[in-house]
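S.K.: Have a peek at data.txt (compact mmCIF, C-alpha atoms (C1' of nucleotides)).
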# COMPACT_ATOMS: atom_id res chain seq x y z
CA MET A 1 28.88 8.26 12.96
CA GLN A 2 25.52 8.24 11.28
CA PRO A 3 24.21 5.26 9.34
CA ALA A 4 24.93 6.35 5.79
CA ARG A 5 21.92 7.90 4.11
CA ARG A 6 21.63 7.93 0.36
CA PRO A 7 19.51 10.80 -0.84
CA GLY A 8 20.83 10.68 -4.39
CA GLY A 9 19.46 9.20 -7.60
CA ARG A 10 16.42 7.07 -7.11
CA THR A 11 15.40 8.47 -3.75
CA ALA A 12 15.41 11.97 -5.17
CA ARG A 13 13.39 10.88 -8.19
CA VAL A 14 10.79 9.25 -5.98
CA ARG A 15 10.57 12.34 -3.86
CA THR A 16 10.14 14.58 -6.87
CA ALA A 17 7.54 12.33 -8.44
CA VAL A 18 5.51 12.21 -5.25
CA HIS A 19 5.73 15.94 -4.68
CA GLU A 20 4.59 16.70 -8.20
CA ALA A 21 1.72 14.29 -7.86
CA VAL A 22 0.62 16.01 -4.67
CA LEU A 23 0.71 19.42 -6.30
CA GLU A 24 -1.20 18.21 -9.33
CA LEU A 25 -3.86 16.60 -7.20
CA LEU A 26 -4.26 19.67 -5.03
CA ARG A 27 -4.88 21.66 -8.18
CA GLU A 28 -7.54 19.27 -9.41
CA GLU A 29 -9.34 17.74 -6.49
CA GLU A 30 -11.00 19.12 -3.45
CA TRP A 31 -8.72 19.33 -0.47
CA ASP A 32 -10.41 16.52 1.44
CA ASP A 33 -10.56 14.18 -1.50
CA VAL A 34 -6.83 13.76 -1.92
CA SER A 35 -5.62 10.41 -0.61
CA ILE A 36 -2.31 8.63 -0.41
CA ALA A 37 -3.68 6.00 -2.76
CA GLN A 38 -4.18 8.69 -5.39
CA VAL A 39 -0.74 10.11 -4.88
CA ALA A 40 0.72 6.63 -5.26
CA GLU A 41 -1.14 5.95 -8.49
CA ARG A 42 -0.41 9.35 -9.97
CA SER A 43 3.26 9.29 -9.12
CA GLY A 44 3.87 5.64 -9.94
CA VAL A 45 5.39 5.19 -6.49
CA HIS A 46 4.14 2.32 -4.40
CA GLN A 47 1.83 3.14 -1.50
CA ALA A 48 4.01 1.38 1.02
CA THR A 49 6.93 3.61 0.06
CA ILE A 50 4.91 6.71 0.71
CA TYR A 51 3.67 5.43 4.05
CA ARG A 52 7.18 4.50 5.07
CA ARG A 53 8.80 7.78 4.13
CA TRP A 54 6.09 10.24 5.07
CA GLY A 55 3.84 8.33 7.42
CA THR A 56 0.70 10.34 6.93
CA LEU A 57 -0.81 12.58 4.29
CA SER A 58 -0.30 15.50 6.64
CA GLY A 59 3.36 14.70 6.93
CA LEU A 60 3.69 14.48 3.18
CA ILE A 61 1.96 17.77 2.64
CA ASP A 62 4.12 19.42 5.26
CA ASP A 63 7.15 18.24 3.36
CA VAL A 64 5.80 19.60 0.09
CA VAL A 65 4.98 22.89 1.74
CA TYR A 66 8.39 23.29 3.25
CA GLU A 67 10.14 22.50 0.00
CA ARG A 68 7.90 24.85 -1.89
CA LEU A 69 8.34 27.70 0.55
CA SER A 70 12.06 27.22 0.88
CA GLN A 71 13.00 27.37 -2.74
CA GLY A 72 10.83 30.18 -4.01
CA SER A 73 10.38 33.83 -3.23
CA PRO A 74 13.38 35.38 -1.50
CA VAL A 75 12.76 38.58 0.43
CA PRO A 76 13.13 41.60 -1.88
CA ASP A 77 15.98 44.11 -1.69
CA THR A 78 15.21 46.95 -4.07
CA GLY A 79 17.01 49.77 -2.30
CA THR A 80 14.00 51.61 -0.92
CA LEU A 81 11.55 50.75 1.83
CA ARG A 82 8.54 51.30 -0.35
CA GLY A 83 10.05 49.24 -3.11
CA ASP A 84 10.80 46.36 -0.80
CA ILE A 85 7.43 46.31 0.87
CA GLU A 86 5.56 46.67 -2.38
CA ALA A 87 7.51 43.87 -4.01
CA TYR A 88 6.91 41.66 -1.01
CA ALA A 89 3.22 42.47 -0.92
CA LEU A 90 2.82 41.60 -4.57
CA GLN A 91 4.69 38.40 -4.04
CA VAL A 92 2.50 37.36 -1.12
CA ALA A 93 -0.64 38.27 -3.04
CA GLU A 94 0.60 36.02 -5.79
CA ASP A 95 1.59 33.12 -3.54
CA VAL A 96 -1.64 33.23 -1.65
CA SER A 97 -3.69 32.91 -4.82
CA GLY A 98 -4.13 29.78 -6.79
CA PRO A 99 -4.57 26.28 -5.57
CA LEU A 100 -1.54 26.32 -3.31
CA ALA A 101 -3.03 28.81 -0.91
CA ALA A 102 -4.30 26.04 1.31
CA LEU A 103 -0.74 24.83 1.59
CA LEU A 104 0.42 28.14 2.93
CA MET A 105 -2.37 28.27 5.45
CA ARG A 106 -1.48 24.85 6.60
CA ALA A 107 2.16 25.80 6.81
CA GLY A 108 1.27 28.59 9.17
CA MET A 109 -1.23 26.69 11.24
CA VAL A 110 0.63 23.51 11.91
CA GLY A 111 3.96 25.30 11.85
CA SER A 112 5.72 23.29 9.17
CA ARG A 113 9.27 22.62 10.17
CA GLY A 114 12.45 22.32 8.24
CA PRO A 115 15.20 19.75 8.57
CA GLU A 116 16.52 21.44 11.70
CA GLY A 117 13.10 21.80 13.25
CA GLU A 118 12.81 25.49 12.71
CA THR A 119 9.40 26.90 11.94
CA PHE A 120 9.21 28.36 8.49
CA LEU A 121 7.38 31.34 9.83
CA ILE A 122 10.27 32.23 12.09
CA ASN A 123 12.72 32.07 9.22
CA ARG A 124 10.55 34.34 7.20
CA GLY A 125 10.12 36.70 10.11
CA VAL A 126 13.86 37.01 10.53
CA GLN A 127 14.29 37.78 6.85
CA LEU A 128 11.62 40.44 6.93
CA GLN A 129 13.11 42.02 10.01
CA ALA A 130 16.42 42.22 8.15
CA MET A 131 14.62 43.97 5.31
CA LEU A 132 13.27 46.56 7.73
CA ASP A 133 16.67 46.95 9.38
CA ARG A 134 18.23 47.72 6.02
CA ALA A 135 15.71 50.52 5.58
CA ALA A 136 16.51 51.89 9.03
CA ALA A 137 20.22 51.77 8.19
CA ARG A 138 19.51 53.88 5.12
CA GLY A 139 17.91 56.49 7.33
CA GLU A 140 14.33 55.60 6.46
CA GLN A 141 11.73 55.07 9.19
CA PRO A 142 10.38 51.59 8.68
CA PRO A 143 7.33 50.16 10.42
CA THR A 144 7.72 47.37 12.94
CA LEU A 145 7.57 43.77 11.84
CA LEU A 146 4.24 43.45 13.61
CA GLU A 147 2.81 46.39 11.71
CA LEU A 148 4.02 44.94 8.44
CA MET A 149 2.34 41.65 9.24
CA GLU A 150 -0.89 43.21 10.40
CA VAL A 151 -1.37 45.86 7.77
CA ILE A 152 -0.01 44.04 4.72
CA ILE A 153 0.18 40.33 5.15
CA ALA A 154 -2.87 39.64 7.27
CA PRO A 155 -5.28 41.33 4.84
CA LEU A 156 -3.74 39.53 1.89
CA TYR A 157 -4.28 36.19 3.57
CA TYR A 158 -7.73 37.22 4.68
CA HIS A 159 -8.77 38.01 1.16
CA ALA A 160 -7.49 34.76 -0.16
CA ILE A 161 -9.17 32.71 2.53
CA PHE A 162 -12.49 34.36 3.03
CA PHE A 163 -13.16 35.96 -0.30
CA ASN A 164 -11.67 33.00 -2.09
CA ARG A 165 -9.79 35.21 -4.51
CA PRO A 166 -6.44 37.00 -4.51
CA ALA A 167 -6.04 40.66 -3.72
CA GLY A 168 -4.77 42.09 -7.04
CA PRO A 169 -1.75 44.35 -7.50
CA ASP A 170 -3.64 47.62 -7.08
CA HIS A 171 -5.12 46.50 -3.84
CA ALA A 172 -1.76 45.29 -2.59
CA ARG A 173 -0.33 48.73 -3.36
CA SER A 174 -3.12 50.43 -1.46
CA LEU A 175 -2.19 48.37 1.58
CA VAL A 176 1.38 49.59 1.27
CA ASP A 177 0.11 53.16 1.15
CA ARG A 178 -1.83 52.54 4.31
CA LEU A 179 1.16 51.11 6.12
CA LEU A 180 3.47 53.95 5.13
CA SER A 181 0.91 56.56 6.09
CA LEU A 182 0.76 55.14 9.59
CA ARG A 183 4.23 56.50 10.25
CA GLY A 184 3.07 59.94 9.29
CA SER A 185 0.05 60.22 11.58
CA SER A 186 0.79 58.30 14.75
CA GLY A 187 4.00 57.85 16.71
CA MET B 1 -46.90 18.30 0.03
CA GLN B 2 -43.71 17.30 1.71
CA PRO B 3 -43.23 13.96 3.44
CA ALA B 4 -43.75 14.93 7.07
CA ARG B 5 -40.48 15.57 8.91
CA ARG B 6 -40.32 15.22 12.60
CA PRO B 7 -37.63 17.42 14.09
CA GLY B 8 -39.05 17.39 17.62
CA GLY B 9 -38.15 15.44 20.72
CA ARG B 10 -35.75 12.65 20.08
CA THR B 11 -34.28 13.99 16.88
CA ALA B 12 -33.40 17.24 18.59
CA ARG B 13 -31.88 15.41 21.52
CA VAL B 14 -29.70 13.32 19.24
CA ARG B 15 -28.60 16.40 17.39
CA THR B 16 -27.69 18.19 20.60
CA ALA B 17 -25.84 15.21 22.00
CA VAL B 18 -23.81 14.80 18.84
CA HIS B 19 -23.01 18.49 18.58
CA GLU B 20 -21.81 18.62 22.16
CA ALA B 21 -19.68 15.56 21.65
CA VAL B 22 -18.05 17.18 18.63
CA LEU B 23 -17.28 20.34 20.55
CA GLU B 24 -15.87 18.43 23.48
CA LEU B 25 -13.67 16.33 21.25
CA LEU B 26 -12.39 19.34 19.38
CA ARG B 27 -11.36 20.80 22.69
CA GLU B 28 -9.46 17.69 23.70
CA GLU B 29 -8.08 15.99 20.66
CA GLU B 30 -6.04 17.13 17.74
CA TRP B 31 -8.11 18.19 14.81
CA ASP B 32 -7.14 15.23 12.63
CA ASP B 33 -7.67 12.67 15.34
CA VAL B 34 -11.40 13.21 15.73
CA SER B 35 -13.42 10.44 14.16
CA ILE B 36 -17.07 9.63 13.76
CA ALA B 37 -16.54 6.56 15.90
CA GLN B 38 -15.42 8.79 18.76
CA VAL B 39 -18.34 11.13 18.33
CA ALA B 40 -20.67 8.15 18.42
CA GLU B 41 -19.19 6.75 21.60
CA ARG B 42 -19.03 10.08 23.39
CA SER B 43 -22.56 11.08 22.48
CA GLY B 44 -24.12 7.68 22.96
CA VAL B 45 -25.59 7.93 19.49
CA HIS B 46 -25.07 5.01 17.15
CA GLN B 47 -22.53 5.41 14.36
CA ALA B 48 -25.04 4.49 11.70
CA THR B 49 -27.27 7.33 12.82
CA ILE B 50 -24.49 9.84 12.42
CA TYR B 51 -23.57 8.54 9.01
CA ARG B 52 -27.18 8.65 7.91
CA ARG B 53 -27.86 12.16 9.10
CA TRP B 54 -24.60 13.91 8.36
CA GLY B 55 -22.86 11.66 5.90
CA THR B 56 -19.30 12.72 6.57
CA LEU B 57 -17.32 14.23 9.40
CA SER B 58 -16.95 17.38 7.32
CA GLY B 59 -20.68 17.63 6.94
CA LEU B 60 -21.18 17.18 10.63
CA ILE B 61 -18.63 19.82 11.52
CA ASP B 62 -20.16 22.24 9.04
CA ASP B 63 -23.46 21.76 10.80
CA VAL B 64 -21.91 22.40 14.19
CA VAL B 65 -20.17 25.48 12.87
CA TYR B 66 -23.28 26.96 11.40
CA GLU B 67 -25.30 26.37 14.53
CA ARG B 68 -22.57 27.82 16.67
CA LEU B 69 -22.13 30.90 14.54
CA SER B 70 -25.83 31.50 14.17
CA GLN B 71 -26.81 31.54 17.79
CA GLY B 72 -23.92 33.32 19.42
CA SER B 73 -22.39 36.75 19.18
CA PRO B 74 -24.81 39.27 17.75
CA VAL B 75 -23.31 42.40 16.24
CA PRO B 76 -22.91 45.07 18.96
CA ASP B 77 -24.99 48.26 19.13
CA THR B 78 -23.53 50.45 21.87
CA GLY B 79 -24.50 53.85 20.52
CA THR B 80 -21.07 54.98 19.36
CA LEU B 81 -18.88 53.90 16.49
CA ARG B 82 -15.87 53.32 18.67
CA GLY B 83 -17.93 51.39 21.17
CA ASP B 84 -19.37 49.15 18.49
CA ILE B 85 -16.09 48.44 16.81
CA GLU B 86 -14.27 47.86 20.04
CA ALA B 87 -16.92 45.48 21.30
CA TYR B 88 -16.87 43.61 18.04
CA ALA B 89 -13.09 43.43 18.01
CA LEU B 90 -13.00 42.01 21.50
CA GLN B 91 -15.66 39.51 20.58
CA VAL B 92 -13.76 38.33 17.53
CA ALA B 93 -10.52 38.12 19.50
CA GLU B 94 -12.39 35.94 21.96
CA ASP B 95 -14.05 33.74 19.37
CA VAL B 96 -10.88 33.23 17.46
CA SER B 97 -9.03 32.04 20.54
CA GLY B 98 -9.60 28.74 22.14
CA PRO B 99 -10.11 25.40 20.52
CA LEU B 100 -12.96 26.49 18.31
CA ALA B 101 -10.80 28.72 16.18
CA ALA B 102 -10.31 25.98 13.67
CA LEU B 103 -14.07 25.84 13.27
CA LEU B 104 -14.23 29.48 12.33
CA MET B 105 -11.44 29.11 9.84
CA ARG B 106 -13.21 26.22 8.31
CA ALA B 107 -16.42 28.16 8.23
CA GLY B 108 -14.76 30.86 6.22
CA MET B 109 -12.80 28.62 3.93
CA VAL B 110 -15.41 26.15 2.92
CA GLY B 111 -18.10 28.77 3.19
CA SER B 112 -20.44 26.98 5.53
CA ARG B 113 -23.97 27.42 4.41
CA GLY B 114 -27.22 27.73 6.26
CA PRO B 115 -30.55 26.06 5.56
CA GLU B 116 -31.21 28.42 2.69
CA GLY B 117 -27.76 28.03 1.23
CA GLU B 118 -26.54 31.43 2.23
CA THR B 119 -22.92 31.78 3.19
CA PHE B 120 -22.48 32.73 6.80
CA LEU B 121 -19.85 35.24 5.86
CA ILE B 122 -22.35 37.18 3.79
CA ASN B 123 -24.83 37.30 6.63
CA ARG B 124 -22.19 38.62 8.94
CA GLY B 125 -21.05 41.15 6.35
CA VAL B 126 -24.56 42.50 6.05
CA GLN B 127 -24.87 42.86 9.81
CA LEU B 128 -21.57 44.70 10.05
CA GLN B 129 -22.52 47.03 7.23
CA ALA B 130 -25.69 47.84 9.14
CA MET B 131 -23.58 48.67 12.17
CA LEU B 132 -21.52 51.09 10.09
CA ASP B 133 -24.66 52.58 8.57
CA ARG B 134 -26.03 53.29 12.01
CA ALA B 135 -22.86 55.24 12.80
CA ALA B 136 -23.19 57.23 9.58
CA ALA B 137 -26.82 57.99 10.42
CA ARG B 138 -25.66 59.41 13.75
CA GLY B 139 -23.36 61.77 11.88
CA GLU B 140 -20.16 59.85 12.58
CA GLN B 141 -17.74 59.02 9.78
CA PRO B 142 -17.39 55.27 9.80
CA PRO B 143 -14.79 53.33 7.84
CA THR B 144 -15.85 51.09 4.98
CA LEU B 145 -16.69 47.47 5.60
CA LEU B 146 -13.54 46.52 3.75
CA GLU B 147 -11.41 48.70 6.00
CA LEU B 148 -13.02 47.20 9.05
CA MET B 149 -12.26 43.73 7.81
CA GLU B 150 -8.71 44.50 6.82
CA VAL B 151 -7.59 46.56 9.78
CA ILE B 152 -9.44 44.79 12.56
CA ILE B 153 -10.61 41.34 11.66
CA ALA B 154 -7.80 40.16 9.42
CA PRO B 155 -5.07 40.84 12.00
CA LEU B 156 -7.09 39.13 14.73
CA TYR B 157 -7.44 36.02 12.62
CA TYR B 158 -3.82 36.25 11.60
CA HIS B 159 -2.65 36.29 15.18
CA ALA B 160 -4.77 33.34 16.10
CA ILE B 161 -3.65 31.27 13.15
CA PHE B 162 0.00 32.05 12.80
CA PHE B 163 1.01 32.99 16.29
CA ASN B 164 -1.24 30.31 17.70
CA ARG B 165 -2.52 32.61 20.42
CA PRO B 166 -5.27 35.19 20.68
CA ALA B 167 -4.68 38.89 20.39
CA GLY B 168 -5.57 40.15 23.88
CA PRO B 169 -7.92 43.03 24.69
CA ASP B 170 -5.22 45.71 24.66
CA HIS B 171 -4.02 44.69 21.31
CA ALA B 172 -7.56 44.57 19.95
CA ARG B 173 -8.06 48.11 21.17
CA SER B 174 -4.87 49.27 19.48
CA LEU B 175 -6.25 47.93 16.22
CA VAL B 176 -9.38 50.01 16.74
CA ASP B 177 -7.22 53.06 17.30
CA ARG B 178 -5.44 52.38 14.07
CA LEU B 179 -8.67 52.04 12.14
CA LEU B 180 -10.16 55.21 13.51
CA SER B 181 -6.97 57.17 12.90
CA LEU B 182 -7.15 56.25 9.24
CA ARG B 183 -10.11 58.55 8.83
CA GLY B 184 -8.07 61.38 10.23
CA SER B 185 -5.03 61.14 8.01
CA SER B 186 -6.22 59.91 4.60
CA GLY B 187 -9.31 60.72 2.57
C1' DC C 1 34.00 -3.33 -11.14
C1' DG C 2 32.11 -5.53 -7.26
C1' DC C 3 30.42 -5.22 -2.33
C1' DT C 4 27.34 -3.55 1.06
C1' DT C 5 23.03 -2.06 2.40
C1' DA C 6 19.59 1.93 2.11
C1' DA C 7 15.56 2.42 -0.07
C1' DA C 8 11.79 0.90 -3.16
C1' DG C 9 8.62 -2.81 -4.81
C1' DC C 10 5.44 -6.30 -3.73
C1' DA C 11 1.57 -8.74 -1.66
C1' DA C 12 -0.82 -10.47 2.20
C1' DG C 13 -3.22 -9.32 6.29
C1' DA C 14 -5.13 -6.61 10.25
C1' DG C 15 -7.98 -3.11 11.54
C1' DG C 16 -10.92 0.74 11.02
C1' DC C 17 -14.41 3.21 8.36
C1' DT C 18 -18.79 3.16 6.05
C1' DT C 19 -22.95 0.99 4.39
C1' DC C 20 -27.08 -1.85 4.60
C1' DG C 21 -31.24 -4.48 6.06
C1' DC C 22 -34.19 -5.17 9.57
C1' DG C 23 -36.34 -4.57 14.01
C1' DT C 24 -37.63 -1.02 17.58
C1' DT C 25 -38.89 3.43 19.39
C1' DA C 26 -41.45 7.44 19.60
C1' DA C 27 -43.06 11.95 17.13
C1' DT C 28 -47.10 13.50 14.79
C1' DA C 29 -51.93 13.22 13.10
C1' DT C 30 -56.58 11.81 13.64
C1' DA D 1 -56.14 6.36 22.41
C1' DT D 2 -54.56 4.48 18.16
C1' DA D 3 -52.41 4.38 13.69
C1' DT D 4 -48.76 5.74 10.88
C1' DT D 5 -44.10 6.09 9.79
C1' DA D 6 -39.76 9.07 10.50
C1' DA D 7 -35.82 8.35 12.83
C1' DC D 8 -32.86 5.60 15.73
C1' DG D 9 -30.48 1.14 17.39
C1' DC D 10 -28.22 -2.97 16.20
C1' DG D 11 -25.20 -6.27 14.03
C1' DA D 12 -23.09 -7.98 10.03
C1' DA D 13 -20.89 -7.40 5.71
C1' DG D 14 -17.91 -4.94 2.43
C1' DC D 15 -14.50 -1.76 1.41
C1' DC D 16 -10.63 0.93 1.98
C1' DT D 17 -6.63 2.52 4.66
C1' DC D 18 -2.53 1.33 6.56
C1' DT D 19 1.06 -1.99 8.24
C1' DT D 20 4.40 -5.65 7.86
C1' DG D 21 7.80 -9.20 6.28
C1' DC D 22 10.17 -10.35 2.51
C1' DT D 23 12.33 -9.61 -2.06
C1' DT D 24 14.49 -6.74 -5.49
C1' DT D 25 16.90 -2.66 -7.06
C1' DA D 26 20.46 0.56 -7.19
C1' DA D 27 23.29 4.37 -4.48
C1' DG D 28 27.62 4.96 -2.29
C1' DC D 29 32.23 3.33 -1.61
C1' DG D 30 36.68 0.97 -1.98
What does the file become when written as structure tokens?

M.R.:
Amino acid sequence: MQPARRPGGRTARVRTAVHEAVLELLREEEWDDVSIAQVAERSGVHQATIYRRWGTLSGLIDDVVYERLSQGSPVPDTGTLRGDIEAYALQVAEDVSGPLAALLMRAGMVGSRGPEGETFLINRGVQLQAMLDRAAARGEQPPTLLELMEVIIAPLYYHAIFFNRPAGPDHARSLVDRLLSLRGSSG
Amino acid sequence: MQPARRPGGRTARVRTAVHEAVLELLREEEWDDVSIAQVAERSGVHQATIYRRWGTLSGLIDDVVYERLSQGSPVPDTGTLRGDIEAYALQVAEDVSGPLAALLMRAGMVGSRGPEGETFLINRGVQLQAMLDRAAARGEQPPTLLELMEVIIAPLYYHAIFFNRPAGPDHARSLVDRLLSLRGSSG
DNA sequence: CGCTTAAAGCAAGAGGCTTCGCGTTAATAT
DNA sequence: ATATTAACGCGAAGCCTCTTGCTTTAAGCG
């Protein structure tokens, strides 16, 4: 029998307050300039509490990332392969913009883990594979998961990181065109 | 008239020692665990000197990155488009592996700047464009710089970051095939 | 409602990071 | 060679990050 946790009420409020403070600060400050002291002041939660619950700033940010990635953006299911991929591409282009992009990068790099230790990336990979399988079941000829990642997702991330700006809907659609045309030309 | 600098002899030695210490430590330790104190001890250079010359660990790493990127890996010139692209792809796959990958990421993200304030990424972009121009001058039909970045470079970075392993020569070559086949199928 | 105790608040203290003043070394100019 | 002074070494001081023991609050349960 586990020692009874109590995630309700106050604990949840503290968690929310801290998370919001982190997100606010990441929008305002430079990445390196965010400190636990700032998070404590902004959230009204005592520093010691943050250190006890999250340990390090990295740990805290991982937690924020996982929460953020878990709740939002389910994998699309529009009924057609093109529709699904396009919707997903637009969604990624959106996510990867803005001040939270660094969070996503971090999530990938350090491999943020959920409560059961699973890497978020794996979860997402499984979901995307299911999306492709649905297309195959409909008789369409979907690309592989690897192709989807390389032709769609990788460029979207690349733009966000190295050009420091998102990829825009039109551009995202052109990537989808490229991916779908691969099926036509090569085996 | 400027107040005479003196970059020779000792200053250069200190710089080299510190740079090597940083590279060694990045190979051994976790990214977050590297401190200026460690760099000082490893290099035999006094902490105060490092603080005076580079200010922060970020500043120091930026300096290392720029040096590293500037000296190594010139853009290939093999005489054929495929040869150039393939050589470059293999080079990037190599660079992006190993423990220095994080440096490259950082270089892109923060936009490490050289002595004249130019972003390294822009330099590299210019060189690559020249490579493509050479192919065009030979009568070949090269892809655009954007296509090169999206189809070759982005996936290589993506692999390194999110799969936490490099992309292997065979895989790099398959990316080249994909890029060159684009010309064939779409305008 | 009252009991138990997980979780947060508080404040003091240790330890590490960063700065500063001063003395020493050695790169450059004459 | 000698003078000049940029750049480094050294140690101490100050500041900030992080930990720790204790107290207070309130979630979960009968």

S.K.: Any idea which chain C residues end up within 10 Å of chain B if we count only C-alpha atoms (C1' of nucleotides), as a VMD selection string please?

M.R.: chain C and resid 16 to 20 25 to 28

S.K.: Could you state the separation of atom CA of A:Ile122 and atom CA of A:Asn164 in Å, given to one decimal place?

M.R.: 26.1 Å

S.K.: Between B:Val39, B:Ala160, B:Ala137, B:Val45, which one has atoms that come closest to chain D, using all atoms listed in the file?

M.R.: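 Among B:Val39, B:Ala160, B:Ala137, B:Val45, it is B:Val45 that comes nearest to chain D.
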
S.K.: Give me, as CSV, each residue of chain D that comes within 12 Å of chain A, together with its shortest interatomic pair and the distance in Å at one decimal, counting all atoms listed in the file, with rows ordered by chain and rising residue number.

M.R.:
residue,atom,partner,partner_atom,distance
D:DC16,C1',A:Ala37,CA,9.8
D:DT17,C1',A:Ala37,CA,8.7
D:DC18,C1',A:Tyr51,CA,7.8
D:DT19,C1',A:Ala48,CA,8.5
D:DT20,C1',A:Ala48,CA,9.8
D:DT25,C1',A:Arg10,CA,9.7
D:DA26,C1',A:Arg10,CA,7.7
D:DA27,C1',A:Arg6,CA,6.2
D:DG28,C1',A:Arg6,CA,7.2
D:DC29,C1',A:Ala4,CA,10.8

S.K.: Out of B:Gly139, B:Pro76, B:Pro169, B:Gly59, which residue has the shortest atom-to-atom distance to chain A when counting all atoms listed in the file?

M.R.: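 Checking each candidate against chain A, we get B:Gly59 as the closest.
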
S.K.: Mind pulling up the distance from atom CA of B:Glu24 to atom CA of B:Ala12?

M.R.: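 It comes out at 18.2 Å.
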
S.K.: Of the residues B:Leu100, B:Val176, B:Met105, B:Ile50, which is the one nearest to chain A, using all atoms listed in the file?

M.R.: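 The shortest atom-to-atom distance to chain A comes from B:Met105.
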
S.K.: I'd like the interatomic distance between atom C1' of D:DA6 and atom CA of B:Val14, to a tenth of an Å.

M.R.: 14.0 Å

S.K.: Nearest to chain B among A:Ala172, A:Ala87, A:Leu121, A:Leu128, with distances taken over all atoms listed in the file: which residue is it?

M.R.: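 Ranking A:Ala172, A:Ala87, A:Leu121, A:Leu128 by distance to chain B, first place goes to A:Leu121.
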
S.K.: Counting all atoms listed in the file, which residues come within 12 Å of (-3.6, 44.1, 24.2), with the point read in the file's coordinates, and could you list them as a list in words?

M.R.: Ala89, Leu90, Ala93, Leu156, His159, Pro166, Ala167, Gly168, Pro169, Asp170, His171, Ala172, Arg173, Ser174, Leu175, Val176 and Asp177 of chain B
